[in-house]
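Undergrad: This is the structure, below, for whatever I ask next.
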Amino acid sequence: MAAPSTSDFAFGKPLSLPRHRRHGAWILAALLALGCTGFIDGAGGADASGTAPLGNAAGASSSGAVSGIGGVAVGPDGCEVTSAPAAPLRRLTRWEYDNTVADLLGDESHPAQRFVAEADQFGFDNNAAGAVLSPVVVEQFEEAAGVLAKQATAQMPKLLGCDSSAQGEDVCANQFIDAFFRRAYRRALSPPERSRIHDFYRQAKLDSGFEQAISVLVSAALQSPKFLYRLEFGMPAPGTTGAVRLSSWELASRLSYLLTGSMPDDELLGAAEQNLLATSEQVLAQAARLLTSDRGARVVKNFYRQWAGLNDLTDLQRKDASYSAATAQLLAQETETFVDQVIRAGDGTLSTLLTAPYSYMNRDLATFYGMQGPTDERFVKVALDPQRYSGLMTQAGLMARLAHPGQPSPVLRGKFIREKLLCAPLPPPPNNVDATLPPLDPQATARQQLTQKTGGSPCNTCHTLLNPPGFAFEHFDELGRFRANDHGLALDASGDLTGTDADGPFADHLDLLKLLTQSEQVRACVVVNWFRYAYGRDQAEADACSTQQLSRAFESSGGNVKQLLLALTQTPAFMYRTATAPGVQP
């Protein structure tokens, strides 16, 4: 008898296809059924196996940020959450997949880096709308699962956590199924699921032997929508009008992927199983624990790597031989180390991120900067000249990325300030505008040449807003290093910030960054960016209660980003999802 297809338990029934085609075809059908709209049906609170998810009841009473009163979710200051935005069906990103298989199987090979890349949405790759499913992606899931399963079963005692020769194969298999699938699916198995998996194991063992049966179990789990997607249905709550609270299992996954970029650890899974995520205080306590854990550094670094576009550093073309792929990695590591130390270990404030007169370097990076101090490969805190450097905006990685191969780019730098710090993007230039750079003129600075090129109509409409904040960083060359002059010509980094709530003159980048730290618009932009990253979507009208809560938390903490991350776990947008009628897609 041929070994049964993994679809026998992953999706409930076999297909009448040749064996080599059954697996991917059925998985593709199941994934497309889930992902065609990007949302899942929350009807009835059933999970993908047709069984009700375990966890807390909706609207659990709490004295924290969100509570349930009379069947209606209530946010800060009595803000009633009468509805919640449709929760997008979020598939694991490549980065999350790699983190998850590392934590689940101990695999550090980063297999997902070979998957089709997600499309960026709002500057981040974890937006649900950017995870497009295709036959190619499904084949990549299948191939990676097979390799991972083979590698895992090569260390069978470690994988099983049990000595099958001493305790018996079936005893170890039974223990493994409950423990492994609980971690892979991020919840306990329902009785029907457990029964199907055990039936599958027995048939696979009969056909192919014990080790192969365990290998196929692992492979199948890694291809199940219950592993690849963060399925959420919520808990039915009589009396609610448009929002249902997530179960403890679902909240555990939201917490873990938000704050560690991976599956819940054993402590968090235990809390979910014991229904210890039923109140906002319990959720906050777990959030604080995760954020301060070693895994908490992942999310802070990943957010700012994407926000600053540091992945582009390895592709930059520079004429100076001191810039290489190795340099690019060091520059990215500088920014990642800096933001992590400020946010998780330091005062966590936006002001420090934008004005700190220090950074983190090792010996090779200090040599690139032309500095002394670090003596080996370890990154250590380095004091910088406060008349030159001011937080992450003056780090070479970001300044180099916002430059052209032979000269810095005030336009790119001004555009970054407008879009990333102020959330105020400008419209693209007209199609007939000549965007070619003028040849270098040894008798004029780059600023003078750009002013001449963009000073007239129609360019000046946008460049009066773009150029000044870009000119503030004239002291940083195309490699991102501080320079005293532009090929021997005096630099002018002054200007006037306009079109913001912090308008005013500035002498240089130091003055500009101080202005920006006082801007409510900048602080609001921080909230917007973290909202989009954390929830995998843009804000909606039904998020008014949540965004008000986040803004107040950020303001009251003095612009503390760490407190903002914790506040993200306390909002209606985090704890609730849309309530839908049976059989109706949100």
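The way I read the labels, and the way they are meant: chains A, B, ... in the order of the structure tokens, residue 1 as the first residue of every chain, and ligand 1 as the first ligand shown, with later ones counted on from there.
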Show me a table, sorted first by chain and then by increasing residue number, of the residues of segment 375-462 of chain A having an atom at most 10 Å from segment 324-346 of chain A, each with its shortest atom pair and the distance in Å to one decimal, counting only C-alpha atoms and written as a tab-separated table.
TA:
```
residue	atom	partner	partner_atom	distance
A:Phe379	CA	A:Glu334	CA	7.8
A:Val380	CA	A:Thr337	CA	9.2
A:Lys381	CA	A:Phe338	CA	8.6
A:Gly391	CA	A:Phe338	CA	8.7
A:Leu392	CA	A:Thr335	CA	6.5
A:Met393	CA	A:Thr335	CA	9.5
A:Gln395	CA	A:Thr335	CA	7.2
A:Ala396	CA	A:Leu331	CA	6.6
A:Gly397	CA	A:Leu331	CA	4.9
A:Leu398	CA	A:Leu331	CA	8.4
A:Ala400	CA	A:Leu331	CA	9.4
A:Arg401	CA	A:Ala328	CA	9.8
```
Undergrad: Emit the selected residues as a PDB file, in the first residue's frame, including all heavy atoms.
TA:
```pdb
ATOM      1  N   PHE A 379      30.761  45.030  18.941  1.00  0.00           N
ATOM      2  CA  PHE A 379      30.183  46.369  18.872  1.00  0.00           C
ATOM      3  C   PHE A 379      30.066  46.934  20.280  1.00  0.00           C
ATOM      4  O   PHE A 379      29.487  46.301  21.168  1.00  0.00           O
ATOM      5  CB  PHE A 379      28.813  46.329  18.195  1.00  0.00           C
ATOM      6  CG  PHE A 379      28.884  46.486  16.700  1.00  0.00           C
ATOM      7  CD1 PHE A 379      29.466  45.488  15.920  1.00  0.00           C
ATOM      8  CD2 PHE A 379      28.389  47.619  16.072  1.00  0.00           C
ATOM      9  CE1 PHE A 379      29.547  45.627  14.540  1.00  0.00           C
ATOM     10  CE2 PHE A 379      28.469  47.765  14.696  1.00  0.00           C
ATOM     11  CZ  PHE A 379      29.046  46.767  13.923  1.00  0.00           C
ATOM     12  N   VAL A 380      30.636  48.110  20.475  1.00  0.00           N
ATOM     13  CA  VAL A 380      30.604  48.776  21.780  1.00  0.00           C
ATOM     14  C   VAL A 380      30.127  50.212  21.594  1.00  0.00           C
ATOM     15  O   VAL A 380      30.159  50.769  20.494  1.00  0.00           O
ATOM     16  CB  VAL A 380      31.997  48.766  22.450  1.00  0.00           C
ATOM     17  CG1 VAL A 380      32.443  47.351  22.739  1.00  0.00           C
ATOM     18  CG2 VAL A 380      33.028  49.489  21.571  1.00  0.00           C
ATOM     19  N   LYS A 381      29.684  50.795  22.689  1.00  0.00           N
ATOM     20  CA  LYS A 381      29.208  52.179  22.660  1.00  0.00           C
ATOM     21  C   LYS A 381      30.383  53.122  22.454  1.00  0.00           C
ATOM     22  O   LYS A 381      31.418  53.008  23.115  1.00  0.00           O
ATOM     23  CB  LYS A 381      28.487  52.502  23.961  1.00  0.00           C
ATOM     24  CG  LYS A 381      27.776  53.847  23.962  1.00  0.00           C
ATOM     25  CD  LYS A 381      26.976  54.031  25.254  1.00  0.00           C
ATOM     26  CE  LYS A 381      26.226  55.352  25.276  1.00  0.00           C
ATOM     27  NZ  LYS A 381      25.417  55.488  26.515  1.00  0.00           N
ATOM     28  N   GLY A 391      22.240  61.070  16.549  1.00  0.00           N
ATOM     29  CA  GLY A 391      21.325  59.948  16.432  1.00  0.00           C
ATOM     30  C   GLY A 391      21.407  59.192  15.116  1.00  0.00           C
ATOM     31  O   GLY A 391      22.354  59.311  14.349  1.00  0.00           O
ATOM     32  N   LEU A 392      20.360  58.418  14.855  1.00  0.00           N
ATOM     33  CA  LEU A 392      20.409  57.485  13.724  1.00  0.00           C
ATOM     34  C   LEU A 392      20.393  58.172  12.365  1.00  0.00           C
ATOM     35  O   LEU A 392      20.869  57.608  11.383  1.00  0.00           O
ATOM     36  CB  LEU A 392      19.288  56.454  13.827  1.00  0.00           C
ATOM     37  CG  LEU A 392      17.821  56.889  13.751  1.00  0.00           C
ATOM     38  CD1 LEU A 392      17.332  56.935  12.321  1.00  0.00           C
ATOM     39  CD2 LEU A 392      16.939  55.937  14.540  1.00  0.00           C
ATOM     40  N   MET A 393      19.855  59.397  12.296  1.00  0.00           N
ATOM     41  CA  MET A 393      19.814  60.078  11.002  1.00  0.00           C
ATOM     42  C   MET A 393      21.204  60.458  10.494  1.00  0.00           C
ATOM     43  O   MET A 393      21.388  60.686   9.304  1.00  0.00           O
ATOM     44  CB  MET A 393      18.946  61.334  11.093  1.00  0.00           C
ATOM     45  CG  MET A 393      17.456  61.084  11.098  1.00  0.00           C
ATOM     46  SD  MET A 393      16.850  60.291   9.584  1.00  0.00           S
ATOM     47  CE  MET A 393      17.353  61.474   8.341  1.00  0.00           C
ATOM     48  N   GLN A 395      23.918  58.504  11.013  1.00  0.00           N
ATOM     49  CA  GLN A 395      24.738  57.308  10.862  1.00  0.00           C
ATOM     50  C   GLN A 395      25.003  57.056   9.383  1.00  0.00           C
ATOM     51  O   GLN A 395      24.158  57.328   8.524  1.00  0.00           O
ATOM     52  CB  GLN A 395      24.047  56.116  11.520  1.00  0.00           C
ATOM     53  CG  GLN A 395      24.007  56.247  13.039  1.00  0.00           C
ATOM     54  CD  GLN A 395      23.144  55.214  13.715  1.00  0.00           C
ATOM     55  OE1 GLN A 395      22.561  54.341  13.059  1.00  0.00           O
ATOM     56  NE2 GLN A 395      23.020  55.304  15.036  1.00  0.00           N
ATOM     57  N   ALA A 396      26.164  56.532   9.095  1.00  0.00           N
ATOM     58  CA  ALA A 396      26.608  56.418   7.702  1.00  0.00           C
ATOM     59  C   ALA A 396      25.702  55.528   6.865  1.00  0.00           C
ATOM     60  O   ALA A 396      25.548  55.759   5.655  1.00  0.00           O
ATOM     61  CB  ALA A 396      28.040  55.903   7.657  1.00  0.00           C
ATOM     62  N   GLY A 397      25.104  54.518   7.475  1.00  0.00           N
ATOM     63  CA  GLY A 397      24.244  53.633   6.695  1.00  0.00           C
ATOM     64  C   GLY A 397      23.098  54.368   6.048  1.00  0.00           C
ATOM     65  O   GLY A 397      22.841  54.226   4.847  1.00  0.00           O
ATOM     66  N   LEU A 398      22.392  55.162   6.819  1.00  0.00           N
ATOM     67  CA  LEU A 398      21.246  55.888   6.286  1.00  0.00           C
ATOM     68  C   LEU A 398      21.690  56.985   5.336  1.00  0.00           C
ATOM     69  O   LEU A 398      21.112  57.172   4.254  1.00  0.00           O
ATOM     70  CB  LEU A 398      20.425  56.480   7.434  1.00  0.00           C
ATOM     71  CG  LEU A 398      19.086  57.099   7.064  1.00  0.00           C
ATOM     72  CD1 LEU A 398      18.222  56.139   6.258  1.00  0.00           C
ATOM     73  CD2 LEU A 398      18.340  57.553   8.314  1.00  0.00           C
ATOM     74  N   ALA A 400      24.417  57.081   3.534  1.00  0.00           N
ATOM     75  CA  ALA A 400      24.928  56.479   2.296  1.00  0.00           C
ATOM     76  C   ALA A 400      23.789  55.995   1.415  1.00  0.00           C
ATOM     77  O   ALA A 400      23.840  56.123   0.182  1.00  0.00           O
ATOM     78  CB  ALA A 400      25.872  55.326   2.619  1.00  0.00           C
ATOM     79  N   ARG A 401      22.769  55.413   2.024  1.00  0.00           N
ATOM     80  CA  ARG A 401      21.632  54.940   1.229  1.00  0.00           C
ATOM     81  C   ARG A 401      20.929  56.088   0.541  1.00  0.00           C
ATOM     82  O   ARG A 401      20.391  55.943  -0.572  1.00  0.00           O
ATOM     83  CB  ARG A 401      20.645  54.170   2.110  1.00  0.00           C
ATOM     84  CG  ARG A 401      19.621  53.393   1.302  1.00  0.00           C
ATOM     85  CD  ARG A 401      18.620  52.707   2.165  1.00  0.00           C
ATOM     86  NE  ARG A 401      17.625  53.612   2.715  1.00  0.00           N
ATOM     87  CZ  ARG A 401      16.601  54.132   2.037  1.00  0.00           C
ATOM     88  NH1 ARG A 401      16.452  53.864   0.750  1.00  0.00           N
ATOM     89  NH2 ARG A 401      15.731  54.926   2.627  1.00  0.00           N
TER      90      ARG A 401
END
```
Undergrad: Where does DSSP see strand (DSSP E or B) in segment 152-307 of chain A, if you list the residues as a PDB file with N, CA and C atoms, in the first residue's frame?
TA:
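result_31.pdb was written with the following content:
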```
ATOM      1  N   TYR A 229      -0.161  30.181   8.351  1.00  0.00           N
ATOM      2  CA  TYR A 229      -1.021  31.344   8.579  1.00  0.00           C
ATOM      3  C   TYR A 229      -1.311  31.507  10.059  1.00  0.00           C
ATOM      4  N   ARG A 230      -1.580  32.717  10.451  1.00  0.00           N
ATOM      5  CA  ARG A 230      -2.004  33.007  11.819  1.00  0.00           C
ATOM      6  C   ARG A 230      -3.533  33.090  11.814  1.00  0.00           C
ATOM      7  N   ALA A 243     -17.700  43.397  17.288  1.00  0.00           N
ATOM      8  CA  ALA A 243     -16.354  42.974  17.626  1.00  0.00           C
ATOM      9  C   ALA A 243     -16.390  41.760  18.543  1.00  0.00           C
ATOM     10  N   VAL A 244     -15.465  40.823  18.323  1.00  0.00           N
ATOM     11  CA  VAL A 244     -15.306  39.675  19.210  1.00  0.00           C
ATOM     12  C   VAL A 244     -13.872  39.638  19.699  1.00  0.00           C
ATOM     13  N   ARG A 245     -13.709  39.236  20.933  1.00  0.00           N
ATOM     14  CA  ARG A 245     -12.378  39.166  21.505  1.00  0.00           C
ATOM     15  C   ARG A 245     -11.675  37.899  21.034  1.00  0.00           C
TER      16      ARG A 245
END
```
Undergrad: For the contact check between segment 85-196 of chain A and segment 253-273 of chain A, emit one row per residue of segment 85-196 of chain A within 12 Å, containing the shortest atom pair and the distance in Å rounded to one decimal, counting only C-alpha atoms, chain then rising number order, as JSON lines.
TA:
```
{"residue": "A:Ala87", "atom": "CA", "partner": "A:Arg254", "partner_atom": "CA", "distance": 11.6}
{"residue": "A:Arg90", "atom": "CA", "partner": "A:Arg254", "partner_atom": "CA", "distance": 10.3}
{"residue": "A:Arg91", "atom": "CA", "partner": "A:Tyr257", "partner_atom": "CA", "distance": 11.2}
{"residue": "A:Leu92", "atom": "CA", "partner": "A:Ser262", "partner_atom": "CA", "distance": 8.9}
{"residue": "A:Thr93", "atom": "CA", "partner": "A:Gly261", "partner_atom": "CA", "distance": 9.3}
{"residue": "A:Arg94", "atom": "CA", "partner": "A:Gly261", "partner_atom": "CA", "distance": 10.5}
{"residue": "A:Trp95", "atom": "CA", "partner": "A:Gly261", "partner_atom": "CA", "distance": 7.7}
{"residue": "A:Glu96", "atom": "CA", "partner": "A:Gly261", "partner_atom": "CA", "distance": 5.4}
{"residue": "A:Tyr97", "atom": "CA", "partner": "A:Ser262", "partner_atom": "CA", "distance": 7.6}
{"residue": "A:Asp98", "atom": "CA", "partner": "A:Ser262", "partner_atom": "CA", "distance": 8.4}
{"residue": "A:Asn99", "atom": "CA", "partner": "A:Ser262", "partner_atom": "CA", "distance": 5.4}
{"residue": "A:Thr100", "atom": "CA", "partner": "A:Ser262", "partner_atom": "CA", "distance": 4.9}
{"residue": "A:Val101", "atom": "CA", "partner": "A:Ser262", "partner_atom": "CA", "distance": 8.7}
{"residue": "A:Ala102", "atom": "CA", "partner": "A:Ser262", "partner_atom": "CA", "distance": 9.0}
{"residue": "A:Asp103", "atom": "CA", "partner": "A:Met263", "partner_atom": "CA", "distance": 7.4}
{"residue": "A:Leu104", "atom": "CA", "partner": "A:Met263", "partner_atom": "CA", "distance": 7.9}
{"residue": "A:Leu105", "atom": "CA", "partner": "A:Met263", "partner_atom": "CA", "distance": 11.6}
{"residue": "A:Asn126", "atom": "CA", "partner": "A:Gly261", "partner_atom": "CA", "distance": 10.4}
{"residue": "A:Ala179", "atom": "CA", "partner": "A:Asp266", "partner_atom": "CA", "distance": 10.3}
{"residue": "A:Phe180", "atom": "CA", "partner": "A:Asp266", "partner_atom": "CA", "distance": 11.5}
{"residue": "A:Arg182", "atom": "CA", "partner": "A:Leu269", "partner_atom": "CA", "distance": 8.5}
{"residue": "A:Arg183", "atom": "CA", "partner": "A:Met263", "partner_atom": "CA", "distance": 7.6}
{"residue": "A:Ala184", "atom": "CA", "partner": "A:Met263", "partner_atom": "CA", "distance": 7.9}
{"residue": "A:Tyr185", "atom": "CA", "partner": "A:Met263", "partner_atom": "CA", "distance": 9.0}
{"residue": "A:Arg186", "atom": "CA", "partner": "A:Ser253", "partner_atom": "CA", "distance": 6.7}
{"residue": "A:Arg187", "atom": "CA", "partner": "A:Leu269", "partner_atom": "CA", "distance": 7.3}
{"residue": "A:Ala188", "atom": "CA", "partner": "A:Glu273", "partner_atom": "CA", "distance": 7.6}
{"residue": "A:Leu189", "atom": "CA", "partner": "A:Glu273", "partner_atom": "CA", "distance": 11.2}
```
Undergrad: Once you have the residues from the selection above, write them out as a PDB file, in the first residue's frame, restricted to N, CA and C atoms.
TA:
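Contents of the output file part14.pdb:
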```
ATOM      1  N   ALA A  87      -9.969  41.532  10.354  1.00  0.00           N
ATOM      2  CA  ALA A  87      -8.605  41.099  10.638  1.00  0.00           C
ATOM      3  C   ALA A  87      -8.015  40.429   9.400  1.00  0.00           C
ATOM      4  N   ARG A  90      -3.002  36.732   8.046  1.00  0.00           N
ATOM      5  CA  ARG A  90      -1.572  37.011   7.928  1.00  0.00           C
ATOM      6  C   ARG A  90      -0.778  35.720   7.798  1.00  0.00           C
ATOM      7  N   ARG A  91      -0.075  35.613   6.693  1.00  0.00           N
ATOM      8  CA  ARG A  91       0.826  34.488   6.488  1.00  0.00           C
ATOM      9  C   ARG A  91       2.185  34.846   7.058  1.00  0.00           C
ATOM     10  N   LEU A  92       2.923  33.862   7.526  1.00  0.00           N
ATOM     11  CA  LEU A  92       4.266  34.123   8.018  1.00  0.00           C
ATOM     12  C   LEU A  92       5.112  34.739   6.899  1.00  0.00           C
ATOM     13  N   THR A  93       5.786  35.836   7.205  1.00  0.00           N
ATOM     14  CA  THR A  93       6.723  36.398   6.248  1.00  0.00           C
ATOM     15  C   THR A  93       7.955  35.500   6.174  1.00  0.00           C
ATOM     16  N   ARG A  94       8.804  35.752   5.216  1.00  0.00           N
ATOM     17  CA  ARG A  94      10.032  34.965   5.100  1.00  0.00           C
ATOM     18  C   ARG A  94      10.861  35.072   6.387  1.00  0.00           C
ATOM     19  N   TRP A  95      10.938  36.277   6.917  1.00  0.00           N
ATOM     20  CA  TRP A  95      11.695  36.500   8.155  1.00  0.00           C
ATOM     21  C   TRP A  95      11.053  35.767   9.325  1.00  0.00           C
ATOM     22  N   GLU A  96       9.730  35.826   9.429  1.00  0.00           N
ATOM     23  CA  GLU A  96       9.018  35.125  10.497  1.00  0.00           C
ATOM     24  C   GLU A  96       9.131  33.612  10.329  1.00  0.00           C
ATOM     25  N   TYR A  97       9.069  33.132   9.107  1.00  0.00           N
ATOM     26  CA  TYR A  97       9.204  31.697   8.835  1.00  0.00           C
ATOM     27  C   TYR A  97      10.558  31.198   9.331  1.00  0.00           C
ATOM     28  N   ASP A  98      11.614  31.925   8.970  1.00  0.00           N
ATOM     29  CA  ASP A  98      12.951  31.506   9.399  1.00  0.00           C
ATOM     30  C   ASP A  98      13.089  31.534  10.918  1.00  0.00           C
ATOM     31  N   ASN A  99      12.569  32.566  11.547  1.00  0.00           N
ATOM     32  CA  ASN A  99      12.606  32.629  13.010  1.00  0.00           C
ATOM     33  C   ASN A  99      11.835  31.465  13.620  1.00  0.00           C
ATOM     34  N   THR A 100      10.679  31.143  13.015  1.00  0.00           N
ATOM     35  CA  THR A 100       9.824  30.115  13.576  1.00  0.00           C
ATOM     36  C   THR A 100      10.446  28.730  13.459  1.00  0.00           C
ATOM     37  N   VAL A 101      11.016  28.398  12.301  1.00  0.00           N
ATOM     38  CA  VAL A 101      11.626  27.071  12.176  1.00  0.00           C
ATOM     39  C   VAL A 101      12.901  26.981  13.007  1.00  0.00           C
ATOM     40  N   ALA A 102      13.543  28.121  13.266  1.00  0.00           N
ATOM     41  CA  ALA A 102      14.703  28.111  14.165  1.00  0.00           C
ATOM     42  C   ALA A 102      14.263  27.783  15.587  1.00  0.00           C
ATOM     43  N   ASP A 103      13.150  28.382  16.022  1.00  0.00           N
ATOM     44  CA  ASP A 103      12.665  28.127  17.379  1.00  0.00           C
ATOM     45  C   ASP A 103      11.972  26.779  17.503  1.00  0.00           C
ATOM     46  N   LEU A 104      11.354  26.317  16.428  1.00  0.00           N
ATOM     47  CA  LEU A 104      10.625  25.049  16.459  1.00  0.00           C
ATOM     48  C   LEU A 104      11.542  23.852  16.293  1.00  0.00           C
ATOM     49  N   LEU A 105      12.514  23.974  15.367  1.00  0.00           N
ATOM     50  CA  LEU A 105      13.355  22.827  15.008  1.00  0.00           C
ATOM     51  C   LEU A 105      14.841  23.043  15.265  1.00  0.00           C
ATOM     52  N   ASN A 126       5.565  42.991   5.964  1.00  0.00           N
ATOM     53  CA  ASN A 126       4.676  42.094   6.703  1.00  0.00           C
ATOM     54  C   ASN A 126       3.216  42.489   6.604  1.00  0.00           C
ATOM     55  N   ALA A 179       3.131  17.401  21.615  1.00  0.00           N
ATOM     56  CA  ALA A 179       4.062  18.497  21.910  1.00  0.00           C
ATOM     57  C   ALA A 179       4.430  19.288  20.653  1.00  0.00           C
ATOM     58  N   PHE A 180       4.733  18.557  19.565  1.00  0.00           N
ATOM     59  CA  PHE A 180       5.194  19.238  18.358  1.00  0.00           C
ATOM     60  C   PHE A 180       4.079  20.040  17.701  1.00  0.00           C
ATOM     61  N   ARG A 182       1.351  21.204  19.004  1.00  0.00           N
ATOM     62  CA  ARG A 182       0.967  22.319  19.870  1.00  0.00           C
ATOM     63  C   ARG A 182       1.857  23.527  19.606  1.00  0.00           C
ATOM     64  N   ARG A 183       3.133  23.292  19.392  1.00  0.00           N
ATOM     65  CA  ARG A 183       4.059  24.387  19.114  1.00  0.00           C
ATOM     66  C   ARG A 183       3.940  24.858  17.662  1.00  0.00           C
ATOM     67  N   ALA A 184       3.822  23.910  16.729  1.00  0.00           N
ATOM     68  CA  ALA A 184       3.754  24.278  15.311  1.00  0.00           C
ATOM     69  C   ALA A 184       2.472  25.022  14.975  1.00  0.00           C
ATOM     70  N   TYR A 185       1.343  24.596  15.565  1.00  0.00           N
ATOM     71  CA  TYR A 185       0.058  25.245  15.297  1.00  0.00           C
ATOM     72  C   TYR A 185      -0.224  26.385  16.266  1.00  0.00           C
ATOM     73  N   ARG A 186       0.636  26.540  17.263  1.00  0.00           N
ATOM     74  CA  ARG A 186       0.496  27.591  18.281  1.00  0.00           C
ATOM     75  C   ARG A 186      -0.793  27.450  19.091  1.00  0.00           C
ATOM     76  N   ARG A 187      -1.236  26.228  19.282  1.00  0.00           N
ATOM     77  CA  ARG A 187      -2.421  25.945  20.097  1.00  0.00           C
ATOM     78  C   ARG A 187      -2.498  24.442  20.312  1.00  0.00           C
ATOM     79  N   ALA A 188      -3.345  24.045  21.270  1.00  0.00           N
ATOM     80  CA  ALA A 188      -3.543  22.616  21.505  1.00  0.00           C
ATOM     81  C   ALA A 188      -4.356  22.002  20.368  1.00  0.00           C
ATOM     82  N   LEU A 189      -4.086  20.758  20.075  1.00  0.00           N
ATOM     83  CA  LEU A 189      -4.865  20.040  19.065  1.00  0.00           C
ATOM     84  C   LEU A 189      -6.266  19.755  19.590  1.00  0.00           C
TER      85      LEU A 189
END
```
Undergrad: Any idea what's packed within 10 Å of segment 143-145 of chain A, counting only C-alpha atoms, ignoring anything in its chain fewer than 6 positions away? Could you give it as a list in words?
TA: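 Using only C-alpha atoms, the neighbours found are Gly24, Val101, His110, Pro111, Ala112, Arg114, Phe115, Val137, Gln151, Ser215, Val216, Val218, Ser219, Ala220, Ala221, Leu222 and Gln223 of chain A.
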Undergrad: Find the spatial neighbours of Arg577 of chain A, counting only C-alpha atoms, within a cut-off of 9 Å - ignore same-chain residues fewer than 3 positions away - and output them as number ranges by chain.
TA: A: 42, 83-87, 232-234, 242-246, 572-574
Undergrad: Using Å and a single decimal, report how far atom CA of Thr355 of chain A sits from atom CA of Leu291 of chain A.
TA: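 That distance, rounded to one decimal, is 23.7 Å.
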Undergrad: So how far away is atom CA of Phe506 of chain A from atom CA of Ser494 of chain A, in Å?
TA: 5.5 Å
Undergrad: Quick one, how far is atom CA of Phe476 of chain A from atom CA of Ala403 of chain A?
TA: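 Pair atom CA of Phe476 of chain A / atom CA of Ala403 of chain A returns 9.4 Å.
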Undergrad: Sort by chain and increasing residue number a table of all residues of segment 420-521 of chain A within 12 Å of segment 557-563 of chain A, each with its closest pair of atoms and their distance in Å to one decimal, counting only C-alpha atoms, and write it as JSON lines.
TA:
```
{"residue": "A:Thr517", "atom": "CA", "partner": "A:Gly559", "partner_atom": "CA", "distance": 9.2}
{"residue": "A:Gln518", "atom": "CA", "partner": "A:Gly559", "partner_atom": "CA", "distance": 10.2}
{"residue": "A:Ser519", "atom": "CA", "partner": "A:Gly559", "partner_atom": "CA", "distance": 10.8}
{"residue": "A:Glu520", "atom": "CA", "partner": "A:Gly559", "partner_atom": "CA", "distance": 9.9}
```
Undergrad: What's around segment 425-437 of chain A at 9 Å? Count only C-alpha atoms, leave out sequence neighbours fewer than 3 positions away in its own chain, and write the answer as a VMD selection string.
TA: chain A and resid 415 to 416 418 to 420 422 440 450 458 to 459 462 465 to 466
Undergrad: Could you turn the residues from that selection into a file that holds N, CA, C and O atoms, as a short mmCIF file (atom, residue, chain, number, x, y, z; two decimals), in the first residue's frame?
TA:
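Generated output (out_1.cif):
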```cif
data_model
loop_
_atom_site.label_atom_id
_atom_site.label_comp_id
_atom_site.auth_asym_id
_atom_site.auth_seq_id
_atom_site.Cartn_x
_atom_site.Cartn_y
_atom_site.Cartn_z
N LYS A 415 13.30 63.81 0.93
CA LYS A 415 12.15 62.92 0.73
C LYS A 415 12.00 61.97 1.91
O LYS A 415 10.88 61.70 2.37
N PHE A 416 13.12 61.47 2.42
CA PHE A 416 13.06 60.57 3.57
C PHE A 416 12.48 61.30 4.79
O PHE A 416 11.64 60.73 5.51
N ARG A 418 10.44 63.80 4.83
CA ARG A 418 9.00 64.04 4.61
C ARG A 418 8.19 62.75 4.76
O ARG A 418 7.13 62.76 5.38
N GLU A 419 8.68 61.67 4.18
CA GLU A 419 7.89 60.44 4.15
C GLU A 419 8.02 59.60 5.41
O GLU A 419 7.03 59.12 5.95
N LYS A 420 9.24 59.45 5.91
CA LYS A 420 9.47 58.51 7.01
C LYS A 420 9.36 59.15 8.39
O LYS A 420 9.00 58.46 9.34
N LEU A 422 7.81 62.43 8.88
CA LEU A 422 6.62 63.28 8.96
C LEU A 422 5.37 62.63 8.39
O LEU A 422 4.27 63.16 8.55
N LEU A 440 29.15 67.09 -12.46
CA LEU A 440 29.80 67.78 -11.35
C LEU A 440 30.52 69.03 -11.85
O LEU A 440 31.26 69.00 -12.82
N LEU A 450 21.83 72.00 -7.50
CA LEU A 450 20.46 71.53 -7.36
C LEU A 450 19.49 72.70 -7.27
O LEU A 450 18.40 72.66 -7.85
N PRO A 458 8.05 73.68 -13.19
CA PRO A 458 7.14 73.27 -12.10
C PRO A 458 7.85 72.64 -10.92
O PRO A 458 7.22 72.24 -9.96
N CYS A 459 9.20 72.53 -11.00
CA CYS A 459 9.94 71.79 -9.97
C CYS A 459 9.82 72.41 -8.58
O CYS A 459 9.77 71.70 -7.58
N CYS A 462 7.35 71.34 -5.45
CA CYS A 462 7.70 70.29 -4.48
C CYS A 462 9.06 70.52 -3.84
O CYS A 462 9.26 70.22 -2.66
N LEU A 465 9.75 72.22 -0.57
CA LEU A 465 9.52 71.40 0.62
C LEU A 465 10.60 70.32 0.78
O LEU A 465 10.99 69.98 1.90
N LEU A 466 11.10 69.79 -0.35
CA LEU A 466 12.08 68.71 -0.32
C LEU A 466 13.50 69.20 -0.03
O LEU A 466 14.21 68.61 0.79
#
```
Undergrad: Taking only C-alpha atoms into account, which of A:Ala484, A:Gly123, A:Gln155, A:Lys514 comes nearest Val528 of chain A?
TA: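 The answer is A:Gly123, which sits nearest to Val528 of chain A.
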Undergrad: Could you give me, as a ChimeraX atom specification, the residues within 10 Å of segment 161-164 of chain A, counting only C-alpha atoms and dropping anything in the same chain fewer than 3 positions from it?
TA: /A:156-158,167-173,175-176,179,210
